[in-house]
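These notes are about the structure you will find just below.
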Amino acid sequence: MSKRTADAEHDAPLKGGERPEKMDIDHEMGEFEDEFEDEFESEDEILEAGVDGRPDAEREAEEKDAMEVDQGTFIVGRNKLEPGQTLAPDLTTYEMLHNLSTPWPCLSFDIIKDGLGDGRKAYPATMYTVAGTQAESSKTGDNQIMVMKFSGLSRMDRGDSDDESGDEDDEDSDPILESKTIPLKSTTNRIRSHQIPSQEPGRPGTTLTATMTESSDVYIHDITPHLASFDNPGTTITAQQNKPISTIRAHKAEGYAVDWSPLVPGGKLLTGDNDGKIYVTTRTDGGGWVTDNRPFLGHTSSVEEIQWSPSELSVFTSASSDGTIRVWDVRSKSRKPAITMQVSNVDVNVMSWSRKTTHLLASGDDNGVWGVWDLRQWKESSNKPQPIASFNFHKEQITSVEWHPNDDSVVAVAAADNTVTLWDLAVELDDEESKDTAGVKDVPPQLLFVHYLKDVKEVHWHPQIGGSLVATGEEFSVFKTISVSN
């Protein structure tokens, strides 16, 4: 997983290629001069020439050529901009779009489920997130975990006078970013949150974070008081509350792979490093944390991603820069993988296990290829597994991939070409012609949307606000497109 250089100069926002200039048309038609007499010898020929003075066949041929848009279509993330050109979003394709800046860019973040209800559609929207910063190399002491509240996230103004979804003043409110910070002395490579249900009805549960840092240490924090402070003005976060409740020091190299088990409410954590080692850490009944010092071994290079099974308590998968995805059972005494699949010739950077259809696993690699695998076909190790879907639309490495939480056919993908793309796998690829869309070469019909965000690193769906996404890059981008409504 490549890192962004935090202290690089920021270029101006980019904008897609300019449209061709319109032809100048003289609407004040003058008299024909003698030079046209040879071309139009009769009244009949003038009528046949058509409205613009050319034969119909010639005009139709030109219109057909104009429809061949492949050579002239600007594709975000693939075509290069000319000097002076910038990119601007088509606001009519968004239901919501906000950009929010932080003091330092963040390589990783997570969305925290809140108590405001599921299936929310009202505006302005509110979200809670947690992220880790990447400060300049000369200012590593400025790094921090940021617990954030995004509020005032209004819907795009479409000028609908009969809108019944909420108060007009509220819908036009400006976005607000509130944050509580936890000091760190190292860059955050990856951060993930976990919520322990409350044992007392009516009380919020405990929200934990696991932060994989550049220093190789993994910090577990309780950010429950930080979240509560947003709704309790005047609350002070103490230095003790900012301290980690546990530090995992088993790793001797930094890493990017971290995941909480969705099936262990108390908290069970997997972490993987650049030495290819994976460790499991479990919360005890007394509230302490124990890391098994016997690593899972099998990868021959760095572990880039880990995903717990959403349906099987003891199963997890890992992806590596050795080009493999491996399936493991934490109960294995040998600490060896049960299945090894060579899915790529380059680094496999990211994975996402579908929560809706639990035999589907998505992955993305360094060549910009992402695909979907049917784990039911992985009966034993193989060097040539076949994905059920594969796309090479992106030409730079895939940096994030995530299934829609409520739709097992929709996937969000982020790549180093500064784009987030949304895909609908329900659109079947039947023949060669369907590999192109609207005459644009190599743009598959499964591609729903392309969103631009410079230096994008991660993207996540909001589990409680249908169709809404948050991405981190040069800044945070919060958006909802008209392509995915729920």
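Ordered as shown in the structure tokens, chains take letters A, B, and onward, while each chain numbers its residues from 1 and ligands are numbered from 1 in the order shown.
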
| request: Would you return as an MDAnalysis selection string the members of segment 187-283 of chain A that DSSP assigns to helix (DSSP H, G or I) on this structure's backbone? | output: chainID A and resid 224:229 239:242

Would you put the residues from that selection into a file with N, CA, C and O atoms, as a PDB file, in the first residue's frame?
```
ATOM      1  N   THR A 224     -15.456   6.404  23.464  1.00  0.00           N
ATOM      2  CA  THR A 224     -16.839   6.656  23.900  1.00  0.00           C
ATOM      3  C   THR A 224     -17.003   8.054  24.481  1.00  0.00           C
ATOM      4  O   THR A 224     -17.956   8.772  24.120  1.00  0.00           O
ATOM      5  N   PRO A 225     -16.120   8.503  25.386  1.00  0.00           N
ATOM      6  CA  PRO A 225     -16.298   9.866  25.925  1.00  0.00           C
ATOM      7  C   PRO A 225     -16.119  10.959  24.875  1.00  0.00           C
ATOM      8  O   PRO A 225     -16.761  12.018  24.965  1.00  0.00           O
ATOM      9  N   HIS A 226     -15.281  10.721  23.895  1.00  0.00           N
ATOM     10  CA  HIS A 226     -15.081  11.720  22.844  1.00  0.00           C
ATOM     11  C   HIS A 226     -16.357  11.896  22.019  1.00  0.00           C
ATOM     12  O   HIS A 226     -16.742  13.022  21.677  1.00  0.00           O
ATOM     13  N   LEU A 227     -17.009  10.785  21.704  1.00  0.00           N
ATOM     14  CA  LEU A 227     -18.258  10.852  20.953  1.00  0.00           C
ATOM     15  C   LEU A 227     -19.357  11.526  21.768  1.00  0.00           C
ATOM     16  O   LEU A 227     -20.134  12.340  21.250  1.00  0.00           O
ATOM     17  N   ALA A 228     -19.421  11.201  23.064  1.00  0.00           N
ATOM     18  CA  ALA A 228     -20.464  11.774  23.924  1.00  0.00           C
ATOM     19  C   ALA A 228     -20.295  13.271  24.095  1.00  0.00           C
ATOM     20  O   ALA A 228     -21.281  14.002  24.286  1.00  0.00           O
ATOM     21  N   SER A 229     -19.054  13.748  23.990  1.00  0.00           N
ATOM     22  CA  SER A 229     -18.807  15.167  24.233  1.00  0.00           C
ATOM     23  C   SER A 229     -19.442  16.066  23.179  1.00  0.00           C
ATOM     24  O   SER A 229     -19.714  17.243  23.444  1.00  0.00           O
ATOM     25  N   ALA A 239      -6.599  13.783  29.999  1.00  0.00           N
ATOM     26  CA  ALA A 239      -5.409  13.154  29.430  1.00  0.00           C
ATOM     27  C   ALA A 239      -5.478  11.639  29.580  1.00  0.00           C
ATOM     28  O   ALA A 239      -5.030  10.890  28.706  1.00  0.00           O
ATOM     29  N   GLN A 240      -6.075  11.176  30.677  1.00  0.00           N
ATOM     30  CA  GLN A 240      -6.214   9.744  30.890  1.00  0.00           C
ATOM     31  C   GLN A 240      -7.131   9.118  29.856  1.00  0.00           C
ATOM     32  O   GLN A 240      -6.874   8.002  29.372  1.00  0.00           O
ATOM     33  N   GLN A 241      -8.199   9.823  29.484  1.00  0.00           N
ATOM     34  CA  GLN A 241      -9.126   9.307  28.479  1.00  0.00           C
ATOM     35  C   GLN A 241      -8.509   9.260  27.094  1.00  0.00           C
ATOM     36  O   GLN A 241      -8.988   8.537  26.223  1.00  0.00           O
ATOM     37  N   ASN A 242      -7.460  10.025  26.878  1.00  0.00           N
ATOM     38  CA  ASN A 242      -6.768  10.018  25.589  1.00  0.00           C
ATOM     39  C   ASN A 242      -5.727   8.909  25.478  1.00  0.00           C
ATOM     40  O   ASN A 242      -5.213   8.644  24.383  1.00  0.00           O
TER      41      ASN A 242
END
```

| request: Could you give me, as a ChimeraX atom specification, the residues within 9 Å of segment 108-120 of chain A, counting only C-alpha atoms and dropping anything in the same chain fewer than 3 positions from it? | output: /A:123,125-133,188-195,204,207,457-466,470-473,486

| query | Which polymer residues have any atom within 8 Å of an atom of Val410 of chain A, counting only C-alpha atoms, with same-chain residues fewer than 4 positions away left out, as a ChimeraX atom specification? | reply | /A:403-404,422-426

Suppose we keep N, CA, C and O atoms; can you now write the selection as an mmCIF file, in the first residue's frame?
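The resulting file, out_15.cif, is shown below:
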```cif
data_model
loop_
_atom_site.group_PDB
_atom_site.id
_atom_site.type_symbol
_atom_site.label_atom_id
_atom_site.label_comp_id
_atom_site.auth_asym_id
_atom_site.auth_seq_id
_atom_site.Cartn_x
_atom_site.Cartn_y
_atom_site.Cartn_z
ATOM 1 N N TRP A 403 -18.232 -3.367 -0.434
ATOM 2 C CA TRP A 403 -19.593 -3.712 -0.842
ATOM 3 C C TRP A 403 -20.596 -2.756 -0.201
ATOM 4 O O TRP A 403 -20.416 -2.310 0.931
ATOM 5 N N HIS A 404 -21.651 -2.477 -0.918
ATOM 6 C CA HIS A 404 -22.780 -1.739 -0.366
ATOM 7 C C HIS A 404 -23.363 -2.554 0.793
ATOM 8 O O HIS A 404 -23.518 -3.774 0.677
ATOM 9 N N LEU A 422 -18.436 3.761 -8.692
ATOM 10 C CA LEU A 422 -19.535 2.942 -8.186
ATOM 11 C C LEU A 422 -19.948 1.979 -9.284
ATOM 12 O O LEU A 422 -20.084 2.370 -10.453
ATOM 13 N N TRP A 423 -20.180 0.722 -8.904
ATOM 14 C CA TRP A 423 -20.437 -0.346 -9.863
ATOM 15 C C TRP A 423 -21.690 -1.120 -9.496
ATOM 16 O O TRP A 423 -21.969 -1.335 -8.316
ATOM 17 N N ASP A 424 -22.421 -1.556 -10.524
ATOM 18 C CA ASP A 424 -23.592 -2.406 -10.333
ATOM 19 C C ASP A 424 -23.352 -3.724 -11.052
ATOM 20 O O ASP A 424 -23.414 -3.804 -12.283
ATOM 21 N N LEU A 425 -23.066 -4.766 -10.282
ATOM 22 C CA LEU A 425 -22.756 -6.062 -10.869
ATOM 23 C C LEU A 425 -23.981 -6.786 -11.387
ATOM 24 O O LEU A 425 -23.862 -7.840 -12.015
ATOM 25 N N ALA A 426 -25.174 -6.251 -11.119
ATOM 26 C CA ALA A 426 -26.401 -6.872 -11.627
ATOM 27 C C ALA A 426 -26.516 -6.707 -13.133
ATOM 28 O O ALA A 426 -27.290 -7.412 -13.783
#
```

| query | For the atom pair atom CA of Gln342 of chain A and atom CA of Val327 of chain A, what is the interatomic distance in Å to one decimal place? | reply | 11.8 Å

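Taking atom CA of Lys395 of chain A and atom CA of Asp417 of chain A as the two end points, the separation is 7.0 Å.
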
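Near Thr300 of chain A, within a cut-off of 9 Å and counting only C-alpha atoms, sit the residues Asp275, Gly276, Ser320, Ser321 and Asp322 of chain A, with same-chain residues fewer than 5 positions away left out.
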
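Interatomic distance, atom CA of Arg283 of chain A against atom CA of Glu402 of chain A: 26.8 Å.
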